[in-house]
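Reproduced below: my_file.txt, with compact mmCIF, N, CA and C atoms.
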```txt
# COMPACT_ATOMS: atom_id res chain seq x y z
N MET W 1 193.23 60.84 97.44
CA MET W 1 192.08 61.70 97.22
C MET W 1 191.14 61.55 98.42
N LEU W 2 190.60 62.65 98.89
CA LEU W 2 189.73 62.65 100.05
C LEU W 2 188.56 61.70 99.88
N THR W 3 187.92 61.72 98.72
CA THR W 3 186.73 60.89 98.52
C THR W 3 187.06 59.41 98.50
N GLU W 4 188.31 59.03 98.25
CA GLU W 4 188.69 57.63 98.31
C GLU W 4 188.94 57.18 99.74
N GLN W 5 189.21 58.12 100.65
CA GLN W 5 189.50 57.78 102.04
C GLN W 5 188.23 57.53 102.85
N LEU W 6 187.09 57.98 102.35
CA LEU W 6 185.83 57.85 103.07
C LEU W 6 184.90 56.92 102.32
N SER W 7 184.16 56.09 103.07
CA SER W 7 183.17 55.25 102.40
C SER W 7 181.88 56.05 102.24
N LEU W 8 181.21 55.86 101.15
CA LEU W 8 180.01 56.62 100.85
C LEU W 8 179.02 55.72 100.14
N GLU W 9 177.79 55.75 100.62
CA GLU W 9 176.74 54.97 99.97
C GLU W 9 176.41 55.58 98.61
N PRO W 10 175.90 54.78 97.68
CA PRO W 10 175.48 55.34 96.39
C PRO W 10 174.47 56.46 96.60
N GLY W 11 174.61 57.51 95.84
CA GLY W 11 173.70 58.64 95.94
C GLY W 11 174.01 59.58 97.09
N GLY W 12 175.14 59.36 97.78
CA GLY W 12 175.50 60.19 98.92
C GLY W 12 176.40 61.36 98.53
N TYR W 13 176.58 62.26 99.48
CA TYR W 13 177.35 63.49 99.25
C TYR W 13 178.26 63.77 100.43
N TYR W 14 179.38 64.45 100.16
CA TYR W 14 180.29 64.95 101.18
C TYR W 14 180.04 66.44 101.35
N LEU W 15 180.03 66.93 102.58
CA LEU W 15 179.81 68.34 102.87
C LEU W 15 181.08 68.95 103.43
N GLY W 16 181.52 70.05 102.84
CA GLY W 16 182.65 70.81 103.35
C GLY W 16 182.21 72.22 103.68
N LEU W 17 182.60 72.71 104.86
CA LEU W 17 182.23 74.05 105.30
C LEU W 17 183.47 74.81 105.73
N TYR W 18 183.51 76.08 105.38
CA TYR W 18 184.61 76.96 105.77
C TYR W 18 184.03 78.19 106.43
N ILE W 19 184.50 78.52 107.61
CA ILE W 19 184.10 79.76 108.26
C ILE W 19 185.33 80.65 108.34
N GLY W 20 185.32 81.72 107.57
CA GLY W 20 186.41 82.67 107.57
C GLY W 20 186.10 83.90 108.39
N SER W 21 186.96 84.87 108.29
CA SER W 21 186.78 86.08 109.09
C SER W 21 185.63 86.95 108.58
N ILE W 22 185.25 86.80 107.30
CA ILE W 22 184.16 87.62 106.77
C ILE W 22 183.05 86.81 106.09
N SER W 23 183.31 85.56 105.78
CA SER W 23 182.31 84.79 105.03
C SER W 23 182.36 83.32 105.39
N ILE W 24 181.32 82.61 104.94
CA ILE W 24 181.31 81.16 105.02
C ILE W 24 181.22 80.64 103.60
N LYS W 25 181.77 79.46 103.40
CA LYS W 25 181.67 78.78 102.12
C LYS W 25 181.22 77.36 102.40
N ALA W 26 180.36 76.85 101.54
CA ALA W 26 179.89 75.47 101.66
C ALA W 26 180.06 74.81 100.30
N ALA W 27 180.49 73.56 100.31
CA ALA W 27 180.63 72.80 99.07
C ALA W 27 180.09 71.40 99.32
N LEU W 28 179.31 70.91 98.37
CA LEU W 28 178.77 69.56 98.42
C LEU W 28 179.33 68.81 97.22
N LEU W 29 179.99 67.68 97.51
CA LEU W 29 180.61 66.86 96.46
C LEU W 29 179.91 65.52 96.38
N ASP W 30 179.80 64.99 95.15
CA ASP W 30 179.28 63.63 95.03
C ASP W 30 180.43 62.65 95.21
N LYS W 31 180.14 61.36 95.10
CA LYS W 31 181.15 60.33 95.36
C LYS W 31 182.37 60.44 94.45
N SER W 32 182.17 60.94 93.23
CA SER W 32 183.29 61.07 92.30
C SER W 32 184.13 62.32 92.59
N GLY W 33 183.68 63.14 93.53
CA GLY W 33 184.40 64.37 93.85
C GLY W 33 183.92 65.57 93.06
N ALA W 34 182.85 65.40 92.27
CA ALA W 34 182.32 66.51 91.47
C ALA W 34 181.52 67.45 92.38
N LEU W 35 181.71 68.74 92.18
CA LEU W 35 180.99 69.76 92.93
C LEU W 35 179.56 69.82 92.43
N VAL W 36 178.60 69.56 93.33
CA VAL W 36 177.19 69.57 92.94
C VAL W 36 176.43 70.76 93.52
N HIS W 37 177.02 71.41 94.52
CA HIS W 37 176.39 72.61 95.11
C HIS W 37 177.48 73.42 95.79
N LYS W 38 177.35 74.75 95.72
CA LYS W 38 178.29 75.61 96.44
C LYS W 38 177.55 76.85 96.92
N ALA W 39 178.09 77.44 97.99
CA ALA W 39 177.51 78.66 98.53
C ALA W 39 178.64 79.52 99.09
N TRP W 40 178.50 80.83 98.94
CA TRP W 40 179.41 81.81 99.55
C TRP W 40 178.53 82.89 100.12
N LEU W 41 178.63 83.09 101.42
CA LEU W 41 177.79 84.07 102.09
C LEU W 41 178.61 84.86 103.10
N ARG W 42 178.45 86.18 103.12
CA ARG W 42 179.07 87.00 104.17
C ARG W 42 178.32 86.75 105.47
N HIS W 43 179.06 86.72 106.59
CA HIS W 43 178.37 86.42 107.85
C HIS W 43 178.21 87.63 108.78
N PHE W 44 178.86 88.74 108.51
CA PHE W 44 178.68 89.97 109.29
C PHE W 44 178.75 89.70 110.79
N GLY W 45 179.71 88.85 111.20
CA GLY W 45 179.91 88.57 112.61
C GLY W 45 178.96 87.55 113.20
N ARG W 46 178.12 86.93 112.38
CA ARG W 46 177.16 85.91 112.83
C ARG W 46 177.38 84.62 112.03
N PRO W 47 178.55 84.01 112.15
CA PRO W 47 178.87 82.87 111.28
C PRO W 47 177.94 81.67 111.43
N PHE W 48 177.54 81.34 112.66
CA PHE W 48 176.72 80.14 112.84
C PHE W 48 175.31 80.33 112.29
N ALA W 49 174.77 81.53 112.39
CA ALA W 49 173.45 81.81 111.80
C ALA W 49 173.51 81.68 110.29
N VAL W 50 174.60 82.13 109.70
CA VAL W 50 174.73 82.06 108.24
C VAL W 50 175.00 80.63 107.79
N VAL W 51 175.76 79.86 108.57
CA VAL W 51 175.95 78.44 108.26
C VAL W 51 174.60 77.74 108.28
N GLU W 52 173.77 78.06 109.25
CA GLU W 52 172.43 77.46 109.32
C GLU W 52 171.63 77.77 108.06
N THR W 53 171.71 79.00 107.58
CA THR W 53 171.02 79.38 106.34
C THR W 53 171.53 78.56 105.16
N ALA W 54 172.86 78.42 105.05
CA ALA W 54 173.45 77.64 103.96
C ALA W 54 173.03 76.18 104.04
N LEU W 55 173.01 75.62 105.25
CA LEU W 55 172.63 74.21 105.41
C LEU W 55 171.16 73.99 105.06
N LYS W 56 170.30 74.92 105.43
CA LYS W 56 168.88 74.80 105.07
C LYS W 56 168.72 74.78 103.55
N GLU W 57 169.48 75.62 102.86
CA GLU W 57 169.43 75.66 101.39
C GLU W 57 169.88 74.32 100.80
N ILE W 58 170.94 73.77 101.35
CA ILE W 58 171.46 72.49 100.85
C ILE W 58 170.43 71.38 101.10
N ILE W 59 169.85 71.34 102.30
CA ILE W 59 168.91 70.29 102.65
C ILE W 59 167.62 70.39 101.83
N GLN W 60 167.27 71.57 101.38
CA GLN W 60 166.10 71.71 100.50
C GLN W 60 166.38 71.09 99.13
N ALA W 61 167.63 71.11 98.71
CA ALA W 61 167.97 70.61 97.38
C ALA W 61 168.46 69.16 97.38
N PHE W 62 168.97 68.68 98.53
CA PHE W 62 169.54 67.35 98.61
C PHE W 62 169.03 66.67 99.88
N PRO W 63 168.78 65.35 99.85
CA PRO W 63 168.26 64.68 101.04
C PRO W 63 169.28 64.68 102.18
N ALA W 64 168.86 65.14 103.35
CA ALA W 64 169.76 65.25 104.51
C ALA W 64 170.36 63.92 104.90
N ASP W 65 169.61 62.83 104.74
CA ASP W 65 170.14 61.52 105.15
C ASP W 65 171.18 60.97 104.18
N LYS W 66 171.44 61.68 103.09
CA LYS W 66 172.46 61.26 102.12
C LYS W 66 173.70 62.14 102.20
N ILE W 67 173.74 63.07 103.16
CA ILE W 67 174.90 63.95 103.31
C ILE W 67 175.77 63.41 104.44
N TYR W 68 177.01 63.06 104.11
CA TYR W 68 177.93 62.41 105.04
C TYR W 68 179.19 63.23 105.23
N ALA W 69 179.92 62.84 106.24
CA ALA W 69 181.27 63.33 106.48
C ALA W 69 181.38 64.85 106.43
N PRO W 70 180.62 65.56 107.29
CA PRO W 70 180.81 67.01 107.30
C PRO W 70 182.21 67.36 107.79
N VAL W 71 182.90 68.14 107.02
CA VAL W 71 184.26 68.56 107.36
C VAL W 71 184.29 70.07 107.40
N GLY W 72 184.84 70.62 108.48
CA GLY W 72 184.91 72.07 108.62
C GLY W 72 186.34 72.55 108.70
N THR W 73 186.55 73.76 108.22
CA THR W 73 187.86 74.40 108.33
C THR W 73 187.64 75.88 108.54
N GLY W 74 188.67 76.56 108.96
CA GLY W 74 188.57 77.99 109.20
C GLY W 74 188.54 78.31 110.68
N THR W 75 188.18 79.54 111.00
CA THR W 75 188.30 80.05 112.36
C THR W 75 187.40 79.34 113.37
N ALA W 76 186.28 78.81 112.97
CA ALA W 76 185.36 78.16 113.90
C ALA W 76 185.15 76.69 113.54
N ALA W 77 186.12 76.08 112.91
CA ALA W 77 185.97 74.69 112.45
C ALA W 77 185.73 73.72 113.59
N ALA W 78 186.44 73.86 114.68
CA ALA W 78 186.30 72.92 115.78
C ALA W 78 184.89 72.96 116.36
N GLU W 79 184.38 74.17 116.61
CA GLU W 79 183.04 74.31 117.16
C GLU W 79 181.98 73.80 116.18
N LEU W 80 182.12 74.16 114.91
CA LEU W 80 181.17 73.75 113.89
C LEU W 80 181.16 72.23 113.73
N SER W 81 182.33 71.63 113.68
CA SER W 81 182.42 70.18 113.51
C SER W 81 181.82 69.44 114.69
N GLU W 82 182.00 69.98 115.89
CA GLU W 82 181.41 69.36 117.07
C GLU W 82 179.88 69.40 117.00
N ILE W 83 179.33 70.53 116.56
CA ILE W 83 177.87 70.68 116.44
C ILE W 83 177.32 69.71 115.41
N LEU W 84 178.01 69.57 114.27
CA LEU W 84 177.52 68.74 113.17
C LEU W 84 177.95 67.28 113.27
N GLY W 85 178.79 66.96 114.23
CA GLY W 85 179.27 65.59 114.36
C GLY W 85 180.26 65.24 113.27
N GLY W 86 181.01 66.22 112.83
CA GLY W 86 181.98 66.00 111.75
C GLY W 86 183.41 66.11 112.23
N GLU W 87 184.26 66.54 111.35
CA GLU W 87 185.68 66.61 111.62
C GLU W 87 186.20 67.99 111.26
N ALA W 88 187.09 68.52 112.10
CA ALA W 88 187.75 69.79 111.81
C ALA W 88 189.09 69.49 111.13
N VAL W 89 189.39 70.22 110.08
CA VAL W 89 190.63 70.05 109.32
C VAL W 89 191.28 71.42 109.20
N GLY W 90 192.58 71.50 109.39
CA GLY W 90 193.29 72.76 109.23
C GLY W 90 193.19 73.28 107.80
N GLU W 91 193.29 74.59 107.65
CA GLU W 91 193.14 75.20 106.33
C GLU W 91 194.19 74.72 105.33
N ILE W 92 195.43 74.57 105.77
CA ILE W 92 196.49 74.12 104.85
C ILE W 92 196.18 72.71 104.35
N MET W 93 195.73 71.83 105.24
CA MET W 93 195.37 70.47 104.83
C MET W 93 194.19 70.50 103.87
N ALA W 94 193.18 71.32 104.15
CA ALA W 94 192.01 71.41 103.27
C ALA W 94 192.43 71.90 101.89
N LEU W 95 193.28 72.91 101.83
CA LEU W 95 193.75 73.42 100.54
C LEU W 95 194.54 72.35 99.78
N THR W 96 195.38 71.63 100.50
CA THR W 96 196.19 70.58 99.87
C THR W 96 195.30 69.47 99.32
N LEU W 97 194.30 69.03 100.11
CA LEU W 97 193.38 67.99 99.64
C LEU W 97 192.58 68.48 98.42
N ALA W 98 192.13 69.73 98.46
CA ALA W 98 191.38 70.27 97.32
C ALA W 98 192.24 70.33 96.07
N ALA W 99 193.48 70.74 96.22
CA ALA W 99 194.38 70.80 95.06
C ALA W 99 194.60 69.41 94.47
N GLY W 100 194.60 68.39 95.33
CA GLY W 100 194.78 67.02 94.87
C GLY W 100 193.61 66.51 94.05
N LEU W 101 192.45 67.17 94.15
CA LEU W 101 191.29 66.78 93.36
C LEU W 101 191.36 67.30 91.94
N GLU W 102 192.23 68.29 91.72
CA GLU W 102 192.36 68.87 90.39
C GLU W 102 193.24 67.99 89.51
N SER W 103 192.97 68.01 88.24
CA SER W 103 193.78 67.25 87.30
C SER W 103 194.11 68.14 86.11
N PRO W 104 195.35 68.37 85.79
CA PRO W 104 196.52 67.91 86.54
C PRO W 104 196.67 68.66 87.86
N THR W 105 197.39 68.05 88.79
CA THR W 105 197.63 68.68 90.08
C THR W 105 198.38 69.99 89.87
N PRO W 106 197.90 71.08 90.46
CA PRO W 106 198.59 72.36 90.27
C PRO W 106 199.97 72.37 90.91
N ALA W 107 200.86 73.18 90.38
CA ALA W 107 202.19 73.33 90.94
C ALA W 107 202.17 74.20 92.19
N SER W 108 201.20 75.11 92.26
CA SER W 108 201.10 76.00 93.41
C SER W 108 199.66 76.44 93.61
N LEU W 109 199.40 77.05 94.77
CA LEU W 109 198.08 77.53 95.10
C LEU W 109 198.23 78.79 95.94
N ILE W 110 197.43 79.80 95.65
CA ILE W 110 197.43 81.03 96.43
C ILE W 110 196.03 81.22 96.98
N ASP W 111 195.93 81.40 98.29
CA ASP W 111 194.66 81.64 98.97
C ASP W 111 194.74 83.01 99.62
N ILE W 112 193.98 83.96 99.10
CA ILE W 112 193.95 85.31 99.66
C ILE W 112 192.69 85.42 100.51
N GLY W 113 192.87 85.46 101.81
CA GLY W 113 191.75 85.49 102.73
C GLY W 113 191.51 86.88 103.28
N GLY W 114 190.56 86.95 104.21
CA GLY W 114 190.22 88.23 104.82
C GLY W 114 191.28 88.73 105.78
N GLU W 115 192.05 87.81 106.37
CA GLU W 115 193.05 88.20 107.36
C GLU W 115 194.46 87.75 107.01
N ASP W 116 194.60 86.81 106.09
CA ASP W 116 195.94 86.35 105.74
C ASP W 116 195.96 85.83 104.31
N THR W 117 197.15 85.52 103.84
CA THR W 117 197.34 84.95 102.51
C THR W 117 198.25 83.74 102.66
N LYS W 118 197.92 82.68 101.95
CA LYS W 118 198.72 81.47 101.98
C LYS W 118 199.19 81.15 100.56
N VAL W 119 200.46 80.77 100.45
CA VAL W 119 201.01 80.33 99.17
C VAL W 119 201.58 78.94 99.39
N LEU W 120 201.09 77.97 98.60
CA LEU W 120 201.56 76.59 98.70
C LEU W 120 202.18 76.18 97.38
N TRP W 121 203.36 75.55 97.45
CA TRP W 121 204.00 75.00 96.26
C TRP W 121 203.95 73.49 96.38
N PHE W 122 203.43 72.82 95.38
CA PHE W 122 203.29 71.37 95.41
C PHE W 122 204.36 70.67 94.60
N SER W 123 205.08 71.40 93.79
CA SER W 123 206.11 70.79 92.93
C SER W 123 207.40 71.56 93.13
N ARG W 124 208.50 70.84 93.31
CA ARG W 124 209.80 71.49 93.52
C ARG W 124 210.85 70.79 92.67
N GLU W 125 211.78 71.60 92.17
CA GLU W 125 212.94 71.06 91.46
C GLU W 125 214.18 71.74 92.01
N ASN W 126 215.17 70.93 92.40
CA ASN W 126 216.42 71.45 92.95
C ASN W 126 216.18 72.38 94.13
N GLY W 127 215.17 72.06 94.97
CA GLY W 127 214.91 72.85 96.16
C GLY W 127 214.17 74.15 95.92
N LYS W 128 213.77 74.42 94.69
CA LYS W 128 213.06 75.65 94.38
C LYS W 128 211.69 75.29 93.80
N PRO W 129 210.70 76.19 94.01
CA PRO W 129 209.40 75.91 93.40
C PRO W 129 209.52 75.73 91.90
N ALA W 130 208.87 74.73 91.35
CA ALA W 130 208.94 74.46 89.91
C ALA W 130 208.02 75.38 89.14
```

Reformat the file's structure so that it appears as structure tokens.
Amino acid sequence: MLTEQLSLEPGGYYLGLYIGSISIKAALLDKSGALVHKAWLRHFGRPFAVVETALKEIIQAFPADKIYAPVGTGTAAAELSEILGGEAVGEIMALTLAAGLESPTPASLIDIGGEDTKVLWFSRENGKPA
């Protein structure tokens, strides 16, 4: 589980950001992996300005010094992670880690994005998706 791989002080949060072709998504998780805040905003070709808006909203609701391990994924993950001092993660890895937080773990996942669609199977029997 992602939250077990990172150390986190009591009262701290993990920040995940996704910049897609049409929107940004932000998720804030507590130490147990529970979603405590989420945002979905269209960026109209201005992704970094919209990320800034989402981050301001999060910081108004949660103390900035308690937000750790910013992780970015999507089309501008590398640039965003460099700005925030975080880590860029590929979309397939992010989807796989997120699926691992669910209980029971799903057998498959479908992500329909603005430019592509991804289908992941997590369980297989006799070489075929279960």

Atom pair atom N of Arg46 in chain W / CA of Tyr13 in chain W: separation (Å):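 We find that atom N of Arg46 in chain W and CA of Tyr13 in chain W lie 26.9 Å from each other.
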
Selected residue of minimal separation from Lys25 in chain W among W:Lys118, W:Lys56, W:Arg42, W:Lys66, counting only N, CA and C atoms: W:Arg42

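One finds CA of Asp111 in chain W at 20.3 Å from CA of Leu15 in chain W.
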
Which residue of W:Gly72, W:Ala26, W:Leu55, W:Leu35 approaches Ala88 in chain W most closely, using only N, CA and C atoms: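 Looking at the shortest contact to Ala88 in chain W, the residue is W:Gly72.
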
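Atom N of Glu87 in chain W to atom N of Ile19 in chain W spans 12.6 Å [interatomic distance, one decimal].
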
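Of the listed residues W:Ser23, W:Gly33, W:Leu84, W:Asp65, the one whose atoms come nearest to Leu101 in chain W is W:Gly33, with distances taken using all atoms listed in the file.
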